[in-house]
Every structure is written in structure tokens, then in C-alpha cells.
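One structure is given here, and the rest of the page talks about it.
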2 protein chains.
Amino acid sequence: MTTPTPGRGLDTRARRGRPRSEAARRAILSAAERLFREGGFGAVSVDAIAAAAGVSKATVYRWWPNKAAVLLESVVGRMRPLADYRDAPTLREKFRRQLADTARYLTTAEGAPVIALIAAKQGDPQLAREFAERYAIPRRARLRAMVTEGVRRGELRPVKDIDALIDMIYGPIYYRILVTGRPVDDAFVDTVVDSAFERIERR
Amino acid sequence: MTTPTPGRGLDTRARRGRPRSEAARRAILSAAERLFREGGFGAVSVDAIAAAAGVSKATVYRWWPNKAAVLLESVVGRMRPLADYRDAPTLREKFRRQLADTARYLTTAEGAPVIALIAAKQGDPQLAREFAERYAIPRRARLRAMVTEGVRRGELRPVKDIDALIDMIYGPIYYRILVTGRPVDDAFVDTVVDSAFERIERR
DNA sequence: AAATAACGAAACGACTCGTCTAGTATCGTA
DNA sequence: TACGATACTAGACGAGTCGTTTCGTTATTT
């Protein structure tokens, strides 16, 4: 018995009974997003979501276990695939741009729910798992591929621990946002990327 | 008019009226710590703290604005000064040990409240300020001093942005704990420290 | 038409927060 | 000794949130 999953994924076979209302689903997700945007995490309550979406609370709970799950779904739904920066001359430059974009995303209204979710998942193992599955792991796969591709092209020396490398690049950015509160400007991004690539770039 | 501050600091002059109960203060702090240790952040409510401390709720609210503030006070009170690792042969080694200790601290019961506080402060600017003042800034000062000392001794080349350096070292550790959930083992610590020192160590 | 399942409205119990009221205890000072 | 100031206990309070549940309704398949 699993948690009811929002949406049927690829299973579009008609089932007996009244079908799920796609309109309600969308209304709930965008209501959650709007409430967060206008008042932060504190303004998002399940009652408020239901009211703003013009939907019954029972409908919310039928498809999501709690408000954090709704927010996660909303974030994942609006998540654009990572850009590939095709015109960047080097992998180092790709990462530089990728990192600057991520920092911008996380520090503006669009990405703020991600920060709230990271905070919320600290005390909620179930949410932590779903955050990993639906947000972190897919992104990580893309970043790993970028590194692997760089090695394949001979731009980098073989990298022993790709995850460690990525953590060294992304860690300082998230750290500033979550812990120290210092601004993540381009200079900092450059410093971080340069430091990480110094040892692995073939020159 | 400021928030009531727990304790009088160095001001031990007798004041008019009934003096504050040190016993109550200590009971509250250790009750909060015990509740957290036994049931996590969710088990810590102001009512529970008061009950466990054998104290009235009004007494808690007289001295702390909310439960997070109690927890912060409790963490800061039990915070040992950073070790100086006097017998470490190099600054790199000092950081290596310091970092490994921090990782151990944050991933065991003793430091778990720090993670909860970092999570809580994301939605609470007041708490964020106090966390910075009472936890982050003092620690940072010590780390900055370690770096400065290394430069003075000629062990490091002059460091342009000390904070950036420290963020590059600590960032990946906090990142793993807060975001990715991957384990912070000695190998990872070594990789991080080595990468950061590569460029700045005089050899 | 029957079976099925989602829907809306709304109430529920349990909990938490932060405030507040009363009455009491313990201190300095007049 | 009386008084003012302050901290304390006990507990009620209103407001809000969470997640569940009930009940009647609606849409779709069989």
C-alpha cells in the first residue's frame, strides 16, 4: 500500500468511478505556489490552499499527505530542465554559468520554496526521501553526465569521486544561502569553480 | 526596548524585586535539550518544556520569545570552544581535524539541534540574526584567526577572501548534511580540505 | 440501473502557540 | 515594618493548524 500519488503518470486507462479532477489538481498546485510567493511558508496552510483553490480540504489530503508534498509537487512541476550551455567554451565555464543560474534561482521568489523544502525535510524523513527522488537525484544525474562528458572529451583528468566533486562545487553555494546568509555573487561563484577545477582540468 | 535577555550577563548587581530563578532557567534549558534528544524538534513544545522543567509556561515566555530561542540558548550554552589542535603539524591538518570534528558533532545527537535551528531560521529572520550572532559569528572569528595565523607564519600565501575560503571548506560538509544526505566520512573531508589548500599553501 | 470513486462542505479532536489573569513569593527601599 | 517592584505558579483563553471523518452529491464505467 503506497501513498496516493498525484496523477496517474503514464497510466491513462479509464478507471471505474468518477475520474480525478485535473482542474482541481492544477488549482491546488498553483494556489500553493501563489500563497507561498505572497506570504512565504508560513502563509501556506492546507486550509488556505483549499480555500484559495476553491476545493475541499479532503481533496487535498486525498492526493497529498501534507502541505510540504504539495509544495514539492509544485516546485517539481515548474522545474525547467537544467540548461546545457551548449555555447560555453569549456566545462569550467558551463559549471560557472550553471552555478550562477542556480544561485539566482534559489535566492529569488521562484526558488524560495526549494529552500523551504530543504528546511522542512530536516524533520521529515518521508519528505526527505521524496525530495531526493524527485528533485535532487534527477538534477544530480545531469551534473554527473556533464562531468563524465568532460572526462570523455579529455578536458578533465579522470575524476575519482564525481559526487564529491559536485558537492564541493554546489556545497558552498547552498551553505551561503542556508547557513551564513552571505551573498552569492559572481565573484564567489568564480572562486568556487576555479578552485574545484584547478586540480582536475587537463591543461 | 529590547527582547528580554536570559541572564544578566556580568551585571550581578542586586535589583529590586524578586530575583530571577537560576534554577528555573537551568531546568528549562536542560528540559528543552532532553526533549529534543528524546523526540526531535517535534517533541519540543513550549508546554512540554514547561511541564518537563516543572515550571510555568509564563516563565518560559518571560525570558525567551519562542521554543527555538530556548533551543539556541541551550546549544550555545553547551558549545565547547573550538579546539586549537595545537599538535597538528600543519594548518591543513588542523582544518582536517576541525572539519572532521564538526561533521561528527553535527551528525550526532549533540549537534542535531543545530541542524534543527538552521532549518527553523529559514523562516524566521529574528532567529536567523540570533543564530548568526551567538553561534555562527563567534565560530567564524576563530576560523578566520586560524587562517590569518597560517598566513602570518608563512604557511599560506596571502588569502584574498578569507570568508570565501572558509565557506569553500565548510560548505560541502553542511551541504551533505542538510541537502544531499550523503555521509560525511574522512575521505570526503580530506578531499575537501586538500582541494581548498592546494592553491594557497606555500610549498 | 448499479457499482464505484472523486467531489464539496463542514465538523471534529488533538495539538500548539502566545497571551493573559490571579494569586503568591522574594527581593530592595522608605 | 510596610510598600513597591519583580518573578514565580497554575491554568484558562482565543486563534490557528493539522489530518481525519461524515455525509450527501456528481461523474464515469459496467
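By order in the C-alpha cells, chains are A, B, ...; within a chain, residues start at 1; ligands start at 1, following the order shown.
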Set the cut-off to 9 Å and count only C-alpha atoms: what are the residues of chain B that reach chain A? Output as an NGL selection string.
:B and (40-42 or 115-116 or 118-123 or 128 or 132 or 136-137 or 164-165 or 167-176 or 178-181 or 188 or 191-192 or 195-196 or 198-199)
What are the nearest atom pairs, with distances in Å to one decimal, for all residues of chain A that come at most 9 Å from chain C, using only C-alpha atoms (C1' of nucleotides), set out by chain and rising residue number as CSV?
residue,atom,partner,partner_atom,distance
A:Arg15,CA,C:DA5,C1',9.0
A:Arg16,CA,C:DT4,C1',5.8
A:Gly17,CA,C:DA5,C1',4.3
A:Arg18,CA,C:DA5,C1',5.2
A:Pro19,CA,C:DA6,C1',6.4
A:Arg20,CA,C:DA6,C1',5.9
A:Ser21,CA,C:DA6,C1',7.7
A:Val55,CA,C:DG8,C1',7.0
A:Ser56,CA,C:DG8,C1',5.5
A:Lys57,CA,C:DG8,C1',8.8
A:Ala58,CA,C:DG8,C1',8.6
A:Thr59,CA,C:DC7,C1',7.4
Polymer residues at most 10 Å from A:Glu110, only C-alpha atoms (C1' of nucleotides), same-chain spacing of 5 or more positions, as a PDB file with C-alpha atoms, in the first residue's frame:
ATOM      1  CA  GLU A  33       2.596  28.343  -5.268  1.00  0.00           C
ATOM      2  CA  PHE A  36       3.982  30.814  -0.857  1.00  0.00           C
ATOM      3  CA  ARG A  37       5.011  33.585  -3.190  1.00  0.00           C
ATOM      4  CA  VAL A  75       8.241  23.009  -7.427  1.00  0.00           C
ATOM      5  CA  ARG A  78       7.625  24.105 -12.638  1.00  0.00           C
ATOM      6  CA  MET A  79      11.232  22.922 -12.698  1.00  0.00           C
ATOM      7  CA  ARG A 104      19.894  33.196  -8.809  1.00  0.00           C
ATOM      8  CA  TYR A 105      17.092  30.655  -8.812  1.00  0.00           C
TER       9      TYR A 105
END
Which parts of stretch 3-201 of chain B does DSSP call alpha helix (DSSP H) when run on the backbone here, written out as number ranges by chain?
B: 22-39, 46-53, 57-63, 67-77, 91-106, 112-121, 125-131, 137-152, 162-175, 186-198
Write out as a list in words every residue belonging to chain D that has an atom at most 7 Å from any atom of chain A, counting only C-alpha atoms (C1' of nucleotides).
DA27, DT28 and DT29 of chain D
Those selected residues, please, written with C-alpha atoms (C1' of nucleotides) and delivered as a PDB file, in the first residue's frame.
ATOM      1  C1'  DA D  27     -19.316  11.745 -12.858  1.00  0.00           C
ATOM      2  C1'  DT D  28     -17.968   7.621 -15.086  1.00  0.00           C
ATOM      3  C1'  DT D  29     -17.801   2.579 -16.097  1.00  0.00           C
TER       4       DT D  29
END
Gap from atom CA of A:Glu93 to atom CA of B:Arg92 - Å, one decimal
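For atom CA of A:Glu93 relative to atom CA of B:Arg92, the distance reads 28.6 Å.
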Could you check how far atom CA of B:Leu35 sits from atom CA of B:Ser74, in Å to one decimal?
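So the answer is 11.8 Å.
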